[in-house]
$ cat query25.txt   # compact mmCIF, C-alpha atoms
# COMPACT_ATOMS: atom_id res chain seq x y z
CA MET A 1 0.00 0.00 0.00
CA THR A 2 1.73 3.13 -1.27
CA GLY A 3 1.81 5.99 1.18
CA ALA A 4 0.48 3.86 4.03
CA LEU A 5 3.14 4.84 6.54
CA VAL A 6 4.82 8.05 7.69
CA THR A 7 7.95 8.71 5.64
CA ASP A 8 11.10 10.57 6.63
CA GLN A 9 9.94 13.39 4.37
CA MET A 10 6.59 13.61 6.16
CA MET A 11 8.28 13.70 9.55
CA ALA A 12 10.69 16.39 8.34
CA ALA A 13 7.78 18.44 7.00
CA ALA A 14 5.98 18.21 10.34
CA CYS A 15 9.18 19.27 12.13
CA ALA A 16 9.53 22.27 9.89
CA ALA A 17 5.88 23.25 10.29
CA ALA A 18 6.25 23.02 14.08
CA GLY A 19 9.41 25.13 14.01
CA LEU A 20 11.52 22.24 15.26
CA SER A 21 14.85 20.79 14.19
CA ASP A 22 15.13 17.07 13.54
CA ALA A 23 18.93 17.17 13.81
CA ASP A 24 20.04 14.54 16.33
CA ALA A 25 16.45 13.47 16.89
CA ARG A 26 15.88 10.00 18.29
CA PRO A 27 13.09 7.69 17.12
CA GLY A 28 10.14 7.21 19.42
CA PRO A 29 8.85 3.83 20.58
CA ALA A 30 8.43 1.02 18.06
CA PRO A 31 4.89 -0.29 17.47
CA LEU A 32 3.85 -3.10 19.80
CA ALA A 33 0.34 -4.55 19.98
CA SER A 34 0.95 -7.41 22.39
CA PRO A 35 1.37 -7.47 25.32
CA SER A 36 1.29 -3.64 25.42
CA TYR A 37 -0.78 -1.46 23.11
CA LEU A 38 1.91 1.01 22.10
CA ALA A 39 2.72 3.35 19.20
CA LEU A 40 0.35 1.65 16.77
CA GLU A 41 -1.23 4.68 15.13
CA SER A 42 1.78 6.98 14.72
CA ALA A 43 5.49 7.33 14.09
CA SER A 44 7.35 9.63 16.46
CA ILE A 45 10.64 11.28 17.27
CA LEU A 46 12.17 12.93 20.33
CA THR A 47 14.05 16.06 19.35
CA ALA A 48 17.29 17.16 20.94
CA GLY A 49 15.38 20.15 22.28
CA GLY A 50 13.11 17.92 24.40
CA VAL A 51 10.01 17.85 22.21
CA PHE A 52 8.03 14.73 21.37
CA LEU A 53 6.57 14.87 17.85
CA LYS A 54 4.27 12.23 16.46
CA VAL A 55 2.62 11.89 13.06
CA MET A 56 -0.25 9.49 12.47
CA HIS A 57 0.29 6.93 9.71
CA PRO A 58 -1.96 7.51 6.68
CA GLU A 59 -3.20 3.91 6.90
CA MET A 60 -4.53 4.62 10.40
CA ARG A 61 -6.30 7.95 9.94
CA GLU A 62 -9.70 6.79 8.75
CA GLY A 63 -12.25 6.82 11.55
CA PHE A 64 -10.33 9.16 13.83
CA ASP A 65 -11.40 12.74 14.50
CA LEU A 66 -7.98 14.38 14.70
CA ASP A 67 -9.38 17.84 15.39
CA ALA A 68 -11.02 16.45 18.52
CA ALA A 69 -7.90 14.47 19.44
CA MET A 70 -5.68 17.53 19.33
CA THR A 71 -8.22 19.72 21.07
CA LEU A 72 -8.49 17.29 23.97
CA ALA A 73 -4.71 16.90 24.13
CA ARG A 74 -4.42 20.67 24.50
CA GLN A 75 -7.13 20.75 27.14
CA ALA A 76 -5.41 17.98 29.09
CA GLY A 77 -2.11 19.84 28.97
CA ALA A 78 -3.77 23.05 30.15
CA ALA A 79 -5.48 21.16 32.99
CA GLY A 80 -2.17 19.66 34.10
CA VAL A 81 -3.18 16.06 33.40
CA GLY A 82 -1.29 15.65 30.13
CA PRO A 83 1.93 16.93 28.60
CA ARG A 84 1.74 20.51 27.36
CA VAL A 85 0.99 20.68 23.64
CA LEU A 86 3.32 23.00 21.72
CA TRP A 87 1.94 22.67 18.18
CA SER A 88 -0.52 20.57 16.23
CA ASP A 89 -1.90 20.23 12.73
CA ALA A 90 -4.85 17.89 12.24
CA GLY A 91 -4.39 17.95 8.46
CA GLN A 92 -0.92 16.48 8.82
CA GLY A 93 -2.01 14.20 11.63
CA ALA A 94 0.85 15.70 13.64
CA ILE A 95 1.26 16.98 17.19
CA ALA A 96 4.25 18.20 19.22
CA MET A 97 4.34 18.23 22.99
CA GLU A 98 6.71 18.41 25.90
CA ALA A 99 8.65 15.17 26.07
CA LEU A 100 8.27 12.92 29.11
CA THR A 101 11.66 11.21 29.18
CA GLU A 102 13.38 8.61 31.33
CA ALA A 103 16.03 11.21 32.10
CA GLY A 104 13.27 13.39 33.51
CA GLY A 105 12.00 10.54 35.70
CA TRP A 106 9.12 9.42 33.48
CA ARG A 107 8.12 5.92 32.38
CA ARG A 108 5.09 4.16 30.92
CA ALA A 109 2.72 2.48 33.31
CA MET A 110 2.07 -1.26 33.30
CA GLN A 111 -0.80 -3.24 34.75
CA LYS A 112 1.11 -3.96 37.96
CA ASP A 113 1.58 -0.22 38.52
CA LEU A 114 -2.18 0.32 38.47
CA GLN A 115 -2.52 -2.17 41.32
CA GLU A 116 -0.66 0.26 43.59
CA ALA A 117 -3.10 2.55 45.40
CA PRO A 118 -1.18 5.84 44.92
CA VAL A 119 -0.79 5.25 41.17
CA LEU A 120 -4.42 4.23 40.80
CA ALA A 121 -5.55 7.30 42.72
CA GLY A 122 -3.41 9.56 40.55
CA ALA A 123 -4.73 7.99 37.35
CA MET A 124 -8.34 8.36 38.45
CA ALA A 125 -7.82 11.96 39.55
CA ALA A 126 -6.31 12.77 36.15
CA LEU A 127 -9.20 11.08 34.37
CA LYS A 128 -11.79 12.94 36.42
CA ALA A 129 -10.06 16.27 35.75
CA LEU A 130 -10.01 15.49 32.02
CA HIS A 131 -13.75 14.85 32.08
CA ALA A 132 -14.27 18.32 33.57
CA THR A 133 -12.57 20.12 30.64
CA PRO A 134 -14.65 21.97 28.00
CA ALA A 135 -17.00 19.99 25.79
CA LEU A 136 -15.82 18.75 22.39
CA SER A 137 -17.82 19.16 19.20
CA ASN A 138 -17.93 15.46 18.25
CA ARG A 139 -19.67 12.42 19.75
CA PHE A 140 -17.71 9.19 20.17
CA ASP A 141 -20.28 6.45 19.58
CA PRO A 142 -18.72 3.01 20.18
CA PHE A 143 -21.81 1.12 19.03
CA ALA A 144 -21.81 2.97 15.71
CA GLN A 145 -18.09 2.28 15.37
CA ILE A 146 -18.60 -1.42 16.03
CA ASP A 147 -21.28 -1.58 13.34
CA ALA A 148 -19.08 0.35 10.91
CA LEU A 149 -16.24 -2.11 11.50
CA ILE A 150 -18.53 -5.09 10.90
CA ALA A 151 -19.68 -3.49 7.65
CA GLU A 152 -16.07 -2.92 6.59
CA TYR A 153 -15.18 -6.58 7.21
CA ARG A 154 -18.05 -7.58 4.96
CA ARG A 155 -17.12 -5.05 2.30
CA LEU A 156 -13.58 -6.42 2.20
CA GLY A 157 -14.64 -10.05 2.45
CA ALA A 158 -12.54 -10.36 5.60
CA PRO A 159 -13.44 -13.15 8.05
CA LEU A 160 -15.40 -11.99 11.08
CA PRO A 161 -15.38 -14.00 14.32
CA ASP A 162 -17.60 -17.06 13.92
CA ASP A 163 -19.81 -15.87 16.77
CA ILE A 164 -20.09 -12.24 15.63
CA ASP A 165 -23.92 -12.30 15.57
CA TRP A 166 -24.03 -13.63 19.14
CA LEU A 167 -21.45 -11.08 20.32
CA ARG A 168 -23.31 -8.17 18.74
CA ARG A 169 -26.67 -9.38 20.03
CA LEU A 170 -25.45 -9.58 23.64
CA ILE A 171 -23.62 -6.26 23.47
CA GLY A 172 -26.79 -4.89 21.93
CA ALA A 173 -28.77 -6.01 24.97
CA ALA A 174 -26.81 -3.46 27.03
CA GLU A 175 -27.05 -0.71 24.42
CA PRO A 176 -30.45 0.82 25.37
CA VAL A 177 -29.49 1.05 29.05
CA LEU A 178 -26.09 2.55 28.32
CA ARG A 179 -27.46 5.08 25.85
CA ALA A 180 -30.35 6.11 28.08
CA GLY A 181 -28.23 6.83 31.12
CA ALA A 182 -25.27 8.58 29.52
CA THR A 183 -24.23 12.05 30.66
CA LEU A 184 -21.58 13.10 28.16
CA ALA A 185 -18.12 14.50 28.92
CA PRO A 186 -14.84 14.83 26.98
CA CYS A 187 -13.32 11.33 26.98
CA ARG A 188 -10.16 9.65 25.72
CA ASN A 189 -12.07 6.41 25.03
CA ASP A 190 -8.85 4.53 25.68
CA GLY A 191 -7.93 2.52 28.76
CA SER A 192 -4.49 1.20 27.84
CA ALA A 193 -2.05 1.29 30.76
CA SER A 194 0.75 2.22 28.34
CA ASN A 195 -1.04 5.53 27.74
CA LEU A 196 -0.42 6.56 31.34
CA MET A 197 2.92 8.12 32.20
CA LEU A 198 4.34 7.90 35.71
CA GLY A 199 6.70 10.62 36.82
CA PRO A 200 8.50 12.23 39.75
CA ASP A 201 6.74 12.62 43.10
CA GLY A 202 3.92 10.29 42.13
CA ALA A 203 2.83 12.30 39.09
CA VAL A 204 0.48 10.57 36.63
CA LEU A 205 -0.21 12.06 33.21
CA LEU A 206 -2.55 10.90 30.43
CA VAL A 207 -1.25 10.60 26.87
CA ASP A 208 -2.83 9.60 23.53
CA TYR A 209 -6.16 11.20 22.66
CA ASP A 210 -6.63 9.72 19.19
CA ARG A 211 -10.15 8.42 19.99
CA ALA A 212 -11.25 11.63 21.72
CA GLY A 213 -14.91 12.57 21.73
CA MET A 214 -17.88 13.23 23.94
CA ASN A 215 -18.98 10.06 25.68
CA ASP A 216 -20.19 8.66 28.98
CA PRO A 217 -17.21 9.18 31.34
CA LEU A 218 -17.96 5.73 32.73
CA TYR A 219 -16.71 4.38 29.39
CA ASP A 220 -13.26 5.81 30.15
CA LEU A 221 -13.49 4.54 33.70
CA GLY A 222 -14.60 1.05 32.70
CA ALA A 223 -11.89 0.69 30.08
CA LEU A 224 -9.23 1.67 32.61
CA LEU A 225 -10.66 -0.57 35.34
CA ALA A 226 -10.45 -3.53 32.96
CA GLU A 227 -6.76 -2.78 32.52
CA THR A 228 -5.98 -2.73 36.23
CA THR A 229 -6.95 -6.30 37.16
CA ASP A 230 -8.93 -9.31 36.00
CA PHE A 231 -10.95 -9.46 39.22
CA GLU A 232 -14.05 -7.31 39.64
CA ARG A 233 -13.79 -7.15 43.41
CA ASP A 234 -10.34 -5.59 43.05
CA MET A 235 -11.68 -3.09 40.50
CA GLN A 236 -13.93 -1.54 43.10
CA ALA A 237 -11.06 0.43 44.67
CA GLY A 238 -10.45 2.14 41.34
CA PHE A 239 -14.13 2.98 40.99
CA VAL A 240 -14.14 4.52 44.48
CA ALA A 241 -10.98 6.50 43.67
CA TYR A 242 -12.83 8.05 40.72
CA ALA A 243 -16.36 8.40 42.10
CA GLY A 244 -15.63 9.00 45.78
CA CYS A 245 -17.80 6.11 46.94
CA PHE A 246 -18.96 2.76 45.65
CA ASP A 247 -22.16 2.80 43.63
CA GLU A 248 -23.50 -0.51 42.35
CA THR A 249 -25.35 1.06 39.44
CA GLY A 250 -22.38 3.11 38.27
CA PHE A 251 -19.99 0.19 38.64
CA ALA A 252 -22.26 -2.01 36.54
CA ARG A 253 -22.38 0.68 33.82
CA ALA A 254 -18.60 1.02 33.84
CA ARG A 255 -18.15 -2.72 33.48
CA LEU A 256 -20.68 -2.93 30.64
CA TRP A 257 -18.83 -0.15 28.84
CA SER A 258 -15.58 -2.08 29.24
CA PHE A 259 -17.17 -5.00 27.38
CA VAL A 260 -18.22 -2.65 24.57
CA ASP A 261 -14.64 -1.35 24.46
CA ASP A 262 -13.32 -4.91 24.23
CA MET A 263 -15.53 -5.60 21.23
CA LEU A 264 -14.55 -2.36 19.50
CA HIS A 265 -10.81 -2.90 19.96
CA ALA A 266 -11.00 -6.60 19.10
CA LEU A 267 -12.70 -5.92 15.77
CA TRP A 268 -10.46 -2.95 15.01
CA SER A 269 -7.24 -4.85 15.69
CA ARG A 270 -8.30 -7.98 13.79
CA LEU A 271 -9.19 -5.82 10.79
CA LYS A 272 -5.78 -4.14 10.91
CA ALA A 273 -4.21 -7.59 10.78
CA ARG A 274 -5.85 -7.83 7.36
CA THR A 275 -5.28 -4.30 6.03
CA SER A 276 -2.09 -2.90 7.60
CA VAL A 277 1.19 -3.08 5.70
CA ARG A 278 2.96 -3.65 9.04
CA GLY A 279 2.79 -7.42 9.11
CA GLY A 280 5.24 -7.65 11.99
CA VAL A 281 2.79 -6.04 14.41
CA GLU A 282 0.82 -8.63 16.37
CA TRP A 283 -2.58 -7.19 15.47
CA LEU A 284 -4.32 -10.56 15.43
CA LYS A 285 -2.89 -11.70 18.77
CA TYR A 286 -4.09 -8.51 20.46
CA GLY A 287 -7.51 -8.74 18.83
CA GLU A 288 -7.97 -12.37 19.85
CA TRP A 289 -7.03 -11.54 23.45
CA ARG A 290 -9.67 -8.80 23.58
CA LEU A 291 -12.21 -11.22 22.07
CA MET A 292 -11.35 -13.86 24.67
CA ARG A 293 -11.93 -11.38 27.50
CA LEU A 294 -15.20 -10.27 25.91
CA ARG A 295 -16.50 -13.82 25.54
CA MET A 296 -15.68 -14.60 29.16
CA ALA A 297 -17.64 -11.53 30.28
CA LEU A 298 -20.68 -12.23 28.11
CA ASN A 299 -20.81 -15.87 29.21
CA HIS A 300 -20.63 -14.94 32.88
CA PRO A 301 -23.89 -15.38 34.83
CA GLY A 302 -23.54 -11.82 36.10
CA PHE A 303 -23.75 -10.18 32.66
CA GLU A 304 -27.55 -9.88 32.60
CA GLN A 305 -27.54 -8.75 36.22
CA LYS A 306 -25.22 -5.89 35.25
CA ILE A 307 -27.73 -4.77 32.63
CA ARG A 308 -30.51 -4.75 35.25
CA LEU A 309 -28.33 -2.87 37.73
CA ALA A 310 -27.19 -0.33 35.15
CA GLY A 311 -30.83 0.34 34.36
CA GLY A 312 -31.59 0.98 38.01
CA ALA A 313 -33.23 -2.37 38.74
CA ALA A 314 -32.21 -4.71 41.57

$ encode --input "query25.txt" --output "structure tokens"
Amino acid sequence: MTGALVTDQMMAAACAAAGLSDADARPGPAPLASPSYLALESASILTAGGVFLKVMHPEMREGFDLDAAMTLARQAGAAGVGPRVLWSDAGQGAIAMEALTEAGGWRRAMQKDLQEAPVLAGAMAALKALHATPALSNRFDPFAQIDALIAEYRRLGAPLPDDIDWLRRLIGAAEPVLRAGATLAPCRNDGSASNLMLGPDGAVLLVDYDRAGMNDPLYDLGALLAETTDFERDMQAGFVAYAGCFDETGFARARLWSFVDDMLHALWSRLKARTSVRGGVEWLKYGEWRLMRLRMALNHPGFEQKIRLAGGAA
């Protein structure tokens, strides 16, 4: 696929547009789908001047609202819960921000980090502050995105999971409840632990806003809770850190949203295994893992109870 990936010329053009020098720049992280979801959408560099510049690959841009992504990245930086954005251009799919480097005491979070109470509290505080930033102009609708992905599989003749009708039907059973009770806020719509940066003095910052849009903030919360642990009882501490107290209805909604997120990311990643020119990225492995987690949740006896609870019923 010609022009599918960011070229050296495209990166140089973004550098020039941002007023940066790419002399002595170091490459950013290499793409890794499994076990961490890292650097899949964009190529990046770290300039000698301490700026992190990333440019989204052309093959990844369809379906993303980059205006919203860059707006929310700026809002997060201004709110102190993300790195400060220095320049962006949605047309180029490019954004420059203050670099969070190892030399500066920063590192990416992993699941085990989120099982530490201070880190979890910091992550939830950052997420809550993000949700309080100004409204975005676009709506992130995960159900619509799931249906668009299914349609794209069929258009391409790509194999869908054998149980796709069952998966969509059960996710669809939660859809009316989740839509009816949603109070929208600016969301990242991304729960990957690798998109949390841990820094000096317990600092936690959020990075990567590619899926930004207005959504139920419990979607963000549920996606992050699913990343912290495999055990629902242990997820409750994270819910309390965000909400201030435990609420059975809200927790059920957050968990249901995490299942929706699993389906969205599973379908998206499995499709990229078919369409991306980067065959070395473990798209399929990541997608199958998200599908496995989804199937376990939908087969659990508590799934229907969560729908009743999320709707306000005992």

$ closest_residue --input "query25.txt" --among "A:Leu225, A:Ala310, A:Ala43, A:Met296" --to "Ala252 in chain A" --atoms "all atoms listed in the file"
A:Ala310

$ residues_around --input "query25.txt" --residues "Pro83 in chain A" --least-positions-apart "6" --cutoff "9 Å" --atoms "only C-alpha atoms" --output "MDAnalysis selection string"
chainID A and resid 73:74 76:77 97:100 205:207

$ atom_distance --input "query25.txt" --atom1 "CA of Arg168 in chain A" --atom2 "CA of Arg211 in chain A"
21.2 Å

$ residues_around --input "query25.txt" --residues "range 84-89 of chain A" --least-positions-apart "2" --cutoff "9 Å" --atoms "only C-alpha atoms" --output "PDB file with C-alpha atoms, in the frame of the given file"
ATOM      1  CA  ALA A  14       5.980  18.210  10.340  1.00  0.00           C
ATOM      2  CA  ALA A  17       5.880  23.250  10.290  1.00  0.00           C
ATOM      3  CA  ALA A  18       6.250  23.020  14.080  1.00  0.00           C
ATOM      4  CA  GLY A  19       9.410  25.130  14.010  1.00  0.00           C
ATOM      5  CA  VAL A  51      10.010  17.850  22.210  1.00  0.00           C
ATOM      6  CA  LEU A  66      -7.980  14.380  14.700  1.00  0.00           C
ATOM      7  CA  ASP A  67      -9.380  17.840  15.390  1.00  0.00           C
ATOM      8  CA  MET A  70      -5.680  17.530  19.330  1.00  0.00           C
ATOM      9  CA  ALA A  73      -4.710  16.900  24.130  1.00  0.00           C
ATOM     10  CA  ARG A  74      -4.420  20.670  24.500  1.00  0.00           C
ATOM     11  CA  GLN A  75      -7.130  20.750  27.140  1.00  0.00           C
ATOM     12  CA  ALA A  76      -5.410  17.980  29.090  1.00  0.00           C
ATOM     13  CA  GLY A  77      -2.110  19.840  28.970  1.00  0.00           C
ATOM     14  CA  ALA A  78      -3.770  23.050  30.150  1.00  0.00           C
ATOM     15  CA  GLY A  80      -2.170  19.660  34.100  1.00  0.00           C
ATOM     16  CA  VAL A  81      -3.180  16.060  33.400  1.00  0.00           C
ATOM     17  CA  GLY A  82      -1.290  15.650  30.130  1.00  0.00           C
ATOM     18  CA  GLY A  91      -4.390  17.950   8.460  1.00  0.00           C
ATOM     19  CA  GLN A  92      -0.920  16.480   8.820  1.00  0.00           C
ATOM     20  CA  GLY A  93      -2.010  14.200  11.630  1.00  0.00           C
ATOM     21  CA  ALA A  94       0.850  15.700  13.640  1.00  0.00           C
ATOM     22  CA  ILE A  95       1.260  16.980  17.190  1.00  0.00           C
ATOM     23  CA  ALA A  96       4.250  18.200  19.220  1.00  0.00           C
ATOM     24  CA  MET A  97       4.340  18.230  22.990  1.00  0.00           C
ATOM     25  CA  GLU A  98       6.710  18.410  25.900  1.00  0.00           C
ATOM     26  CA  ALA A  99       8.650  15.170  26.070  1.00  0.00           C
TER      27      ALA A  99
END

$ residues_around --input "query25.txt" --residues "Asp234 in chain A" --least-positions-apart "3" --cutoff "12 Å" --atoms "all atoms listed in the file" --output "list of chain:residue names"
A:Leu114, A:Gln115, A:Glu116, A:Ala117, A:Leu120, A:Leu225, A:Ala226, A:Glu227, A:Thr228, A:Thr229, A:Asp230, A:Phe231, A:Ala237, A:Gly238, A:Phe239, A:Val240

$ atom_distance --input "query25.txt" --atom1 "CA of Ala144 in chain A" --atom2 "CA of Val260 in chain A"
11.1 Å

$ closest_residue --input "query25.txt" --among "A:Trp268, A:Gly122, A:His57, A:Ala90" --to "Pro31 in chain A" --atoms "all atoms listed in the file"
A:His57

$ atom_distance --input "query25.txt" --atom1 "CA of Ala123 in chain A" --atom2 "CA of Gly222 in chain A"
12.9 Å

$ closest_residue --input "query25.txt" --among "A:Asn189, A:Gln111, A:Gln9, A:Thr183" --to "Leu72 in chain A" --atoms "all atoms listed in the file"
A:Asn189

$ closest_residue --input "query25.txt" --among "A:Leu221, A:Met124, A:Leu167, A:Leu53" --to "Arg253 in chain A" --atoms "all atoms listed in the file"
A:Leu221

$ closest_residue --input "query25.txt" --among "A:Pro134, A:Pro27, A:Gly104, A:Gly302" --to "Ala79 in chain A" --atoms "only C-alpha atoms"
A:Pro134

$ closest_residue --input "query25.txt" --among "A:Gly28, A:Gly181, A:Pro217, A:Gly199" --to "Lys128 in chain A" --atoms "only C-alpha atoms"
A:Pro217
